[in-house]
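Q: Following this line is work_34.cif, made up of mmCIF, C-alpha atoms and all ligand atoms:
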```cif
data_entry
#
loop_
_atom_site.label_atom_id
_atom_site.label_comp_id
_atom_site.auth_asym_id
_atom_site.auth_seq_id
_atom_site.Cartn_x
_atom_site.Cartn_y
_atom_site.Cartn_z
CA MET A 1 19.18 30.35 -9.44
CA SER A 2 22.26 30.23 -11.66
CA PHE A 3 24.11 26.99 -12.36
CA GLU A 4 27.43 26.05 -13.94
CA ASN A 5 26.82 22.43 -14.95
CA ILE A 6 23.09 22.20 -15.58
CA LEU A 7 20.56 24.08 -17.71
CA VAL A 8 17.02 24.59 -16.46
CA THR A 9 14.10 25.66 -18.66
CA THR A 10 10.38 25.71 -17.92
CA GLU A 11 7.64 25.71 -20.52
CA ASN A 12 3.95 24.88 -20.19
CA ASN A 13 4.34 23.72 -16.54
CA ILE A 14 7.06 21.21 -17.53
CA GLN A 15 10.62 21.80 -16.33
CA THR A 16 13.50 20.36 -18.33
CA ILE A 17 16.83 19.93 -16.54
CA THR A 18 19.80 19.26 -18.83
CA ILE A 19 23.11 18.07 -17.42
CA ASN A 20 25.59 20.15 -19.36
CA ARG A 21 29.13 18.73 -19.29
CA PRO A 22 29.16 17.17 -22.77
CA ASP A 23 32.98 17.12 -23.01
CA LYS A 24 32.98 14.82 -19.94
CA LEU A 25 29.94 12.88 -21.19
CA ASN A 26 27.92 14.63 -18.46
CA ALA A 27 29.74 12.73 -15.68
CA LEU A 28 28.34 13.53 -12.26
CA ASN A 29 30.93 15.44 -10.27
CA LYS A 30 30.16 16.87 -6.81
CA LYS A 31 29.15 20.27 -8.17
CA THR A 32 26.73 18.73 -10.66
CA ILE A 33 25.14 16.58 -7.95
CA ASP A 34 24.78 19.66 -5.72
CA GLU A 35 23.24 21.70 -8.53
CA LEU A 36 20.83 18.90 -9.48
CA SER A 37 19.82 18.58 -5.83
CA GLN A 38 19.07 22.32 -5.64
CA ALA A 39 17.18 22.33 -8.94
CA PHE A 40 15.02 19.31 -8.07
CA SER A 41 14.25 20.66 -4.59
CA ALA A 42 13.26 24.06 -6.00
CA ALA A 43 11.10 22.49 -8.72
CA ASP A 44 9.28 20.35 -6.16
CA LYS A 45 8.43 23.45 -4.12
CA ASP A 46 7.09 25.30 -7.18
CA THR A 47 3.46 24.19 -7.52
CA SER A 48 3.30 25.49 -11.09
CA ILE A 49 5.75 22.76 -12.17
CA LYS A 50 3.75 19.59 -12.79
CA ALA A 51 6.43 17.37 -14.36
CA ILE A 52 10.21 17.34 -14.71
CA ILE A 53 12.26 15.93 -17.60
CA ILE A 54 15.96 15.22 -17.00
CA THR A 55 18.37 14.66 -19.87
CA GLY A 56 22.00 15.05 -20.89
CA SER A 57 23.43 17.57 -23.32
CA GLY A 58 24.95 16.47 -26.62
CA GLN A 59 24.15 13.48 -28.80
CA LYS A 60 26.33 10.93 -27.05
CA ALA A 61 25.52 10.63 -23.37
CA PHE A 62 22.79 10.95 -20.78
CA VAL A 63 25.41 10.57 -18.03
CA ALA A 64 28.55 8.35 -18.31
CA GLY A 65 28.69 7.84 -14.55
CA ALA A 66 30.02 9.43 -11.42
CA ASP A 67 33.13 11.50 -12.12
CA ILE A 68 35.91 8.94 -11.70
CA SER A 69 38.60 11.65 -11.46
CA GLU A 70 37.06 12.95 -8.22
CA PHE A 71 37.06 9.73 -6.20
CA ALA A 72 40.07 7.78 -7.53
CA SER A 73 42.17 8.58 -4.42
CA PHE A 74 39.41 8.29 -1.79
CA SER A 75 39.79 6.33 1.49
CA VAL A 76 37.23 3.83 2.86
CA GLU A 77 35.59 6.59 4.95
CA GLN A 78 35.49 9.02 2.04
CA GLY A 79 33.99 6.33 -0.21
CA LYS A 80 31.24 5.61 2.29
CA ALA A 81 30.49 9.32 2.73
CA LEU A 82 30.40 9.84 -1.07
CA SER A 83 27.77 7.13 -1.43
CA ALA A 84 25.69 8.21 1.60
CA GLU A 85 25.67 11.87 0.54
CA GLY A 86 24.74 11.00 -3.03
CA HIS A 87 21.81 8.83 -1.90
CA LYS A 88 20.47 11.60 0.30
CA LYS A 89 21.15 14.64 -1.86
CA LEU A 90 20.07 13.33 -5.23
CA PHE A 91 18.98 9.74 -5.79
CA ASP A 92 16.53 9.31 -2.86
CA LEU A 93 15.44 12.92 -3.33
CA VAL A 94 14.42 12.27 -6.96
CA GLN A 95 12.71 8.96 -6.17
CA ASN A 96 10.63 10.59 -3.43
CA LEU A 97 9.82 13.85 -5.19
CA ASN A 98 6.11 14.81 -5.29
CA THR A 99 6.56 15.94 -8.89
CA PRO A 100 6.86 13.16 -11.50
CA VAL A 101 10.33 12.92 -13.03
CA ILE A 102 10.91 11.48 -16.52
CA ALA A 103 14.44 10.49 -17.57
CA ALA A 104 15.12 11.17 -21.26
CA VAL A 105 18.04 8.77 -21.72
CA ASN A 106 19.72 10.16 -24.84
CA GLY A 107 22.92 8.06 -24.99
CA PHE A 108 25.26 6.36 -22.52
CA ALA A 109 23.63 5.88 -19.09
CA LEU A 110 26.39 4.20 -17.13
CA GLY A 111 27.04 3.79 -13.43
CA GLY A 112 25.68 6.87 -11.64
CA GLY A 113 23.96 7.84 -14.90
CA LEU A 114 21.85 4.69 -14.99
CA GLU A 115 21.35 5.04 -11.23
CA LEU A 116 20.00 8.57 -11.79
CA ALA A 117 17.67 7.33 -14.55
CA MET A 118 16.50 4.52 -12.25
CA SER A 119 15.69 7.03 -9.47
CA CYS A 120 13.29 8.76 -11.85
CA HIS A 121 9.66 7.67 -11.98
CA ILE A 122 9.61 7.01 -15.75
CA ARG A 123 12.39 6.32 -18.29
CA VAL A 124 12.34 6.86 -22.05
CA ALA A 125 15.44 5.98 -24.11
CA SER A 126 16.67 6.95 -27.55
CA ASP A 127 17.53 4.01 -29.78
CA ASN A 128 21.29 4.76 -29.57
CA ALA A 129 21.27 4.60 -25.73
CA LYS A 130 23.49 2.11 -23.94
CA MET A 131 22.93 1.27 -20.29
CA GLY A 132 25.05 -0.50 -17.73
CA LEU A 133 26.56 -0.57 -14.27
CA PRO A 134 30.30 -0.97 -15.05
CA GLU A 135 31.58 -0.25 -11.52
CA VAL A 136 33.19 -3.67 -10.97
CA SER A 137 35.52 -2.82 -13.88
CA LEU A 138 36.88 -0.12 -11.56
CA GLY A 139 37.05 -2.37 -8.49
CA VAL A 140 34.00 -0.83 -6.85
CA ILE A 141 30.24 -1.51 -6.80
CA PRO A 142 27.30 0.73 -7.74
CA GLY A 143 26.98 3.17 -4.84
CA TYR A 144 24.04 5.39 -5.76
CA GLY A 145 21.26 2.81 -5.31
CA GLY A 146 22.07 0.68 -8.36
CA THR A 147 22.29 -2.67 -6.57
CA GLN A 148 18.77 -2.12 -5.24
CA ARG A 149 16.90 -0.26 -7.99
CA LEU A 150 18.25 -2.37 -10.89
CA ALA A 151 17.05 -5.57 -9.18
CA GLN A 152 13.66 -3.94 -8.52
CA LEU A 153 13.28 -3.00 -12.19
CA VAL A 154 14.72 -6.01 -14.08
CA GLY A 155 14.74 -8.75 -11.42
CA LYS A 156 17.61 -10.16 -9.39
CA GLY A 157 19.03 -12.53 -12.02
CA LYS A 158 19.42 -9.93 -14.78
CA ALA A 159 20.67 -7.33 -12.28
CA MET A 160 23.34 -9.75 -11.02
CA GLU A 161 24.46 -10.45 -14.60
CA MET A 162 24.60 -6.76 -15.58
CA ILE A 163 26.54 -5.84 -12.44
CA MET A 164 28.95 -8.81 -12.54
CA THR A 165 29.76 -8.63 -16.26
CA ALA A 166 29.72 -4.79 -16.36
CA ASP A 167 28.17 -5.19 -19.84
CA MET A 168 26.21 -2.42 -21.48
CA ILE A 169 22.78 -3.33 -22.83
CA SER A 170 21.03 -1.78 -25.84
CA ALA A 171 17.93 0.38 -25.61
CA ASN A 172 15.82 -2.42 -27.09
CA ASP A 173 17.09 -4.94 -24.52
CA ALA A 174 16.39 -2.34 -21.80
CA LEU A 175 12.85 -2.06 -23.16
CA SER A 176 12.23 -5.79 -23.18
CA TRP A 177 13.73 -6.12 -19.67
CA GLY A 178 11.47 -3.38 -18.27
CA LEU A 179 14.36 -1.01 -17.57
CA VAL A 180 12.87 1.68 -19.83
CA ASN A 181 9.23 2.31 -20.73
CA HIS A 182 9.69 3.42 -24.36
CA VAL A 183 12.39 3.57 -27.05
CA VAL A 184 12.23 6.26 -29.76
CA THR A 185 14.72 7.93 -32.10
CA GLN A 186 16.99 10.60 -30.64
CA GLU A 187 15.03 13.26 -32.59
CA GLU A 188 11.75 12.09 -31.05
CA LEU A 189 13.03 11.67 -27.49
CA LEU A 190 12.10 15.00 -25.89
CA ALA A 191 8.80 15.11 -27.78
CA LYS A 192 7.89 11.67 -26.40
CA CYS A 193 8.80 12.76 -22.85
CA ASN A 194 6.77 15.96 -23.27
CA GLU A 195 3.83 13.92 -24.55
CA ILE A 196 3.90 11.79 -21.37
CA ALA A 197 4.38 14.90 -19.20
CA ASN A 198 1.42 16.61 -20.89
CA LYS A 199 -0.85 13.68 -20.07
CA ILE A 200 0.32 13.86 -16.45
CA LEU A 201 -0.26 17.58 -16.09
CA SER A 202 -3.92 17.38 -17.02
CA LYS A 203 -4.44 15.08 -14.00
CA SER A 204 -4.61 15.79 -10.26
CA SER A 205 -1.11 16.66 -9.04
CA VAL A 206 -2.06 15.93 -5.41
CA ALA A 207 -3.34 12.46 -6.37
CA ILE A 208 -0.16 11.86 -8.39
CA ALA A 209 2.01 12.79 -5.38
CA SER A 210 -0.05 10.36 -3.26
CA ALA A 211 0.42 7.63 -5.87
CA ILE A 212 4.21 8.18 -5.88
CA ARG A 213 4.29 7.80 -2.07
CA ALA A 214 2.13 4.67 -2.19
CA VAL A 215 4.14 2.95 -4.95
CA ASN A 216 7.47 3.87 -3.31
CA ALA A 217 6.22 2.49 0.03
CA ASN A 218 6.68 -1.05 -1.27
CA TYR A 219 10.40 -0.37 -1.65
CA THR A 220 10.92 1.18 1.78
CA ASP A 221 12.14 -1.03 4.62
CA GLY A 222 9.72 -1.57 7.47
CA VAL A 223 6.83 0.11 5.68
CA ASN A 224 3.65 -1.72 4.67
CA GLY A 225 2.75 -0.51 1.17
CA TYR A 226 -0.90 -1.57 1.50
CA ALA A 227 -1.23 0.43 4.73
CA VAL A 228 0.32 3.49 3.02
CA GLU A 229 -2.09 3.04 0.10
CA ILE A 230 -5.10 2.97 2.46
CA ASP A 231 -3.86 6.12 4.19
CA GLU A 232 -3.07 8.00 0.95
CA PHE A 233 -6.39 6.90 -0.61
CA GLY A 234 -8.28 8.26 2.39
CA LYS A 235 -6.34 11.56 2.33
CA CYS A 236 -7.40 12.15 -1.29
CA PHE A 237 -11.02 12.48 -0.12
CA GLY A 238 -10.07 15.66 1.75
CA THR A 239 -8.58 17.42 -1.28
CA GLU A 240 -10.09 20.06 -3.58
CA ASP A 241 -8.83 18.02 -6.54
CA PHE A 242 -11.04 15.08 -5.48
CA LYS A 243 -14.09 17.33 -5.27
CA GLU A 244 -13.32 18.81 -8.68
CA GLY A 245 -12.53 15.44 -10.30
CA THR A 246 -15.69 13.71 -9.09
CA SER A 247 -17.92 16.78 -9.77
CA ALA A 248 -16.50 17.13 -13.29
CA PHE A 249 -17.22 13.46 -14.00
CA LEU A 250 -20.79 13.71 -12.74
CA GLU A 251 -21.36 16.98 -14.63
CA LYS A 252 -19.89 15.42 -17.80
CA ARG A 253 -17.19 18.07 -18.20
CA LYS A 254 -13.39 18.10 -18.20
CA ALA A 255 -11.85 18.47 -14.74
CA ASN A 256 -9.86 21.61 -14.03
CA PHE A 257 -7.79 20.58 -11.02
CA PRO A 258 -6.69 23.31 -8.60
CA GLY A 259 -3.77 21.11 -7.45
CA LYS A 260 -4.81 21.31 -3.79
N1 LIG B 1 34.14 10.19 -15.11
C1 LIG B 1 34.99 11.15 -15.52
N2 LIG B 1 35.22 11.43 -16.81
C2 LIG B 1 34.54 10.71 -17.73
C3 LIG B 1 33.64 9.69 -17.37
C4 LIG B 1 33.45 9.45 -16.00
N3 LIG B 1 32.58 8.52 -15.56
N4 LIG B 1 33.15 9.14 -18.50
C5 LIG B 1 33.73 9.79 -19.53
N5 LIG B 1 34.56 10.73 -19.06
C6 LIG B 1 35.40 11.68 -19.84
C7 LIG B 1 36.63 11.00 -20.43
O1 LIG B 1 37.66 10.92 -19.46
C8 LIG B 1 36.95 11.93 -21.56
O2 LIG B 1 37.56 13.09 -21.04
P1 LIG B 1 38.90 13.69 -21.77
O3 LIG B 1 38.42 14.05 -23.15
O4 LIG B 1 39.25 14.88 -20.94
O5 LIG B 1 39.91 12.58 -21.77
C9 LIG B 1 35.58 12.35 -22.06
O6 LIG B 1 34.68 12.12 -20.98
C10 LIG B 1 35.09 11.57 -23.26
O7 LIG B 1 35.13 10.18 -22.94
P2 LIG B 1 35.87 9.06 -23.83
O8 LIG B 1 36.20 7.91 -22.94
O9 LIG B 1 36.98 9.68 -24.59
O10 LIG B 1 34.70 8.68 -24.85
P3 LIG B 1 34.52 7.29 -25.60
O11 LIG B 1 33.45 7.52 -26.61
O12 LIG B 1 35.83 6.78 -26.08
O13 LIG B 1 33.99 6.26 -24.49
C11 LIG B 1 32.61 5.57 -22.61
C12 LIG B 1 32.70 6.45 -23.89
C13 LIG B 1 31.29 5.96 -21.95
C14 LIG B 1 32.57 4.08 -23.01
C15 LIG B 1 33.81 5.85 -21.70
O14 LIG B 1 33.93 7.25 -21.50
C16 LIG B 1 33.72 5.22 -20.33
O15 LIG B 1 33.90 4.02 -20.20
N6 LIG B 1 33.44 6.04 -19.29
C17 LIG B 1 33.39 5.58 -17.92
C18 LIG B 1 32.14 4.80 -17.66
C19 LIG B 1 32.11 4.31 -16.22
O16 LIG B 1 32.90 3.47 -15.82
N7 LIG B 1 31.15 4.82 -15.47
C20 LIG B 1 30.97 4.40 -14.09
C21 LIG B 1 31.66 5.31 -13.17
S1 LIG B 1 31.46 4.78 -11.51
#
```
Since I need it in another form, could you write the structure as structure tokens?
A:
Amino acid sequence: MSFENILVTTENNIQTITINRPDKLNALNKKTIDELSQAFSAADKDTSIKAIIITGSGQKAFVAGADISEFASFSVEQGKALSAEGHKKLFDLVQNLNTPVIAAVNGFALGGGLELAMSCHIRVASDNAKMGLPEVSLGVIPGYGGTQRLAQLVGKGKAMEMIMTADMISANDALSWGLVNHVVTQEELLAKCNEIANKILSKSSVAIASAIRAVNANYTDGVNGYAVEIDEFGKCFGTEDFKEGTSAFLEKRKANFPGK
């Protein structure tokens, strides 16, 4: 697959996707969203890829938002379609991927950029990162899941304040609010994400996919998360990974999961 706006590299079962429009602070235009959607879908189908890291190119930005130049003249119908398509193609896709996704937030993560990071399963920020949902400054609201996922991560009160003031918060505030899991220097950022990914890839990928479905179930309307957990837990007992994991423990050796 060849892409114009993203770079994709795979090493040691970890795929790194880099959004590559540094002169536009990696703003998400339609083409970039389409390419990300294709890359994430392909990675999820490739069983050799056990974790995905997503980051932005350059020193300044993860993603500075949706590309404002593309939607400035949109009508009500076009605005609604833009949001609905984005949810489906990228943000819900990432949240529900079987493969764990780690956001390496290397600078500004604003609007759609923070929404993309929040769709990922884990977030690590560099200490220069700034995060916010500034959409009300433009007369619009977050439209790629931000009103929902920010409240889930930091609580309703802080989400309301961030959205209403359009303020950016620092990486350390994001850490203390639970918006990111770790803060490191920019130089250490990809190494930290790879360290987390390496821990994940020594574990059962089928159990990890089950865990993602069970955790996400709590945030899905009309779905009982406990019931999904019971179902997913039971399904694990039918996998080769479960047989290998339990045998390895009992035989006092390291598990070598087949990923089935
Ligand atoms: N959409 C389209 N282009 C964007 C963009 C966005 N969301 N964010 C940045 N860019 C472009 C700028 O237009 C500029 O392009 P140009 O050089 O062709 O004029 C380039 O990226 C660099 O941005 P600039 O504003 O010059 O950098 P800065 O360091 O002065 O400011 C920000 C950085 C992030 C504070 C500022 O770019 C900004 O506020 N961006 C918009 C953030 C936003 O509202 N996001 C939510 C969108 S819904």
Q: Taking only C-alpha atoms and all ligand atoms and a cut-off of 8 Å, can you tell me which residues surround ligand LIG 1 (chain B), written as a ChimeraX atom specification?
A: /A:22-29,60-61,63-70,108,110-113,133-135,137-138,140-142
Q: Between A:Ala81, A:Val154, A:Ile53, A:Ala214, single out the one closest to A:Cys120, counting only C-alpha atoms.
A: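 Nearest candidate to A:Cys120 out of A:Ala81, A:Val154, A:Ile53, A:Ala214: A:Ile53.
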Q: From the list A:Thr55, A:Ser48, A:Ser83, A:Asn172, which residue is nearest A:Val8 when using all atoms listed in the file?
A: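 Of the candidates, the smallest distance to A:Val8 is held by A:Thr55.
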Q: From the set A:Gln148, A:Ser247, A:Asn96, A:Asn181, which residue has the shortest atom-to-atom contact distance to A:Ile212, counting all atoms listed in the file?
A: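 Among the listed residues, A:Asn96 lies closest to A:Ile212.
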Q: Using Å and a single decimal, report how far atom CA of A:Phe242 sits from atom CA of A:Ser119.
A: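 Between atom CA of A:Ser119 and atom CA of A:Phe242 the gap works out to 28.2 Å.
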Q: Identify the residues around (5.4, 3.3, -7.3) within a radius of 12 Å, measuring from all atoms listed in the file in the coordinates stated by the file, and give them as a PyMOL selection string.
A: chain A and resi 95-98+100+119-122+152-153+208-220+225-226+228-229
Q: Which of these residues is nearest to A:Gly132, using only C-alpha atoms: A:Leu150, A:Met162, A:Ala255, A:Cys193?
A: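 Under the stated criterion, the closest residue is A:Met162.
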Q: Atom CA of A:Met131 to atom CA of A:Thr32: how many Å, to one decimal?
A: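 Result for atom CA of A:Met131 versus atom CA of A:Thr32: 20.3 Å, one decimal.
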Q: Would you kindly return, as a PyMOL selection string, each protein, DNA or RNA residue with an atom no farther than 8 Å from any atom of A:Gly145, considering only C-alpha atoms and excluding same-chain residues fewer than 5 positions away?
A: chain A and resi 87+91+115
Q: In the coordinate frame of the file, compute which residues have an atom within 6 Å of (24.9, -0.1, -25.5) when using all atoms listed in the file, and state them as JSON, numbers by chain.
A: {"A": [129, 130, 131, 168, 169, 170]}
Q: Work out how far apart atom CA of A:Thr239 and atom CA of A:Ala207 are and give it in Å to one decimal.
A: 8.8 Å
Q: Kindly compute an axis-aligned box around the listed atoms of stretch 63-70 of chain A, allowing 4 Å on each side, and express its centre and edge lengths in Å to one decimal as JSON.
A:
```
{"center_x": 32.0, "center_y": 10.4, "center_z": -13.3, "size_x": 21.2, "size_y": 13.1, "size_z": 18.1}
```
Q: For each of A:Val124, A:Leu114, A:Glu4, A:Leu175, take the minimum atom-to-atom distance to A:Thr147, counting all atoms listed in the file, then give the residue where this is smallest.
A: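 Counting all atoms listed in the file, the residue closest to A:Thr147 is A:Leu114.
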Q: Which of these residues is nearest to A:Glu244, using all atoms listed in the file: A:Thr47, A:Thr10, A:Asn256, A:Gln186?
A: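 The answer is A:Asn256, which sits nearest to A:Glu244.
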Q: Identify, on the basis of all atoms listed in the file, every residue whose closest approach to A:Asn12 does not exceed 12 Å; exclude the query and any residue fewer than 5 positions from it along the same chain; express the result as an mmCIF file with C-alpha atoms, keeping the file's coordinate frame.
A:
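Produced file selection36.cif, reproduced below:
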```
data_model
loop_
_atom_site.group_PDB
_atom_site.id
_atom_site.type_symbol
_atom_site.label_atom_id
_atom_site.label_comp_id
_atom_site.auth_asym_id
_atom_site.auth_seq_id
_atom_site.Cartn_x
_atom_site.Cartn_y
_atom_site.Cartn_z
ATOM 1 C CA SER A 48 3.300 25.490 -11.090
ATOM 2 C CA ILE A 49 5.750 22.760 -12.170
ATOM 3 C CA LYS A 50 3.750 19.590 -12.790
ATOM 4 C CA ALA A 51 6.430 17.370 -14.360
ATOM 5 C CA ILE A 52 10.210 17.340 -14.710
ATOM 6 C CA ASN A 194 6.770 15.960 -23.270
ATOM 7 C CA GLU A 195 3.830 13.920 -24.550
ATOM 8 C CA ALA A 197 4.380 14.900 -19.200
ATOM 9 C CA ASN A 198 1.420 16.610 -20.890
ATOM 10 C CA LEU A 201 -0.260 17.580 -16.090
ATOM 11 C CA SER A 202 -3.920 17.380 -17.020
#
```
Q: Please provide the set of residues having any atom within 12 Å of A:Leu190, restricted to all atoms listed in the file, with same-chain residues fewer than 4 positions apart removed, written as a compact mmCIF listing (two decimals) with C-alpha atoms, in the frame of the given file.
A:
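Listing of part.txt after writing:
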```
# COMPACT_ATOMS: atom_id res chain seq x y z
CA ILE A 14 7.06 21.21 -17.53
CA GLN A 15 10.62 21.80 -16.33
CA THR A 16 13.50 20.36 -18.33
CA ILE A 17 16.83 19.93 -16.54
CA THR A 18 19.80 19.26 -18.83
CA ILE A 52 10.21 17.34 -14.71
CA ILE A 53 12.26 15.93 -17.60
CA ILE A 54 15.96 15.22 -17.00
CA THR A 55 18.37 14.66 -19.87
CA GLY A 56 22.00 15.05 -20.89
CA SER A 57 23.43 17.57 -23.32
CA ILE A 102 10.91 11.48 -16.52
CA ALA A 103 14.44 10.49 -17.57
CA ALA A 104 15.12 11.17 -21.26
CA VAL A 105 18.04 8.77 -21.72
CA ASN A 106 19.72 10.16 -24.84
CA ARG A 123 12.39 6.32 -18.29
CA VAL A 124 12.34 6.86 -22.05
CA ALA A 125 15.44 5.98 -24.11
CA SER A 126 16.67 6.95 -27.55
CA HIS A 182 9.69 3.42 -24.36
CA VAL A 183 12.39 3.57 -27.05
CA VAL A 184 12.23 6.26 -29.76
CA THR A 185 14.72 7.93 -32.10
CA GLN A 186 16.99 10.60 -30.64
CA ASN A 194 6.77 15.96 -23.27
CA GLU A 195 3.83 13.92 -24.55
CA ILE A 196 3.90 11.79 -21.37
CA ALA A 197 4.38 14.90 -19.20
CA ASN A 198 1.42 16.61 -20.89
```
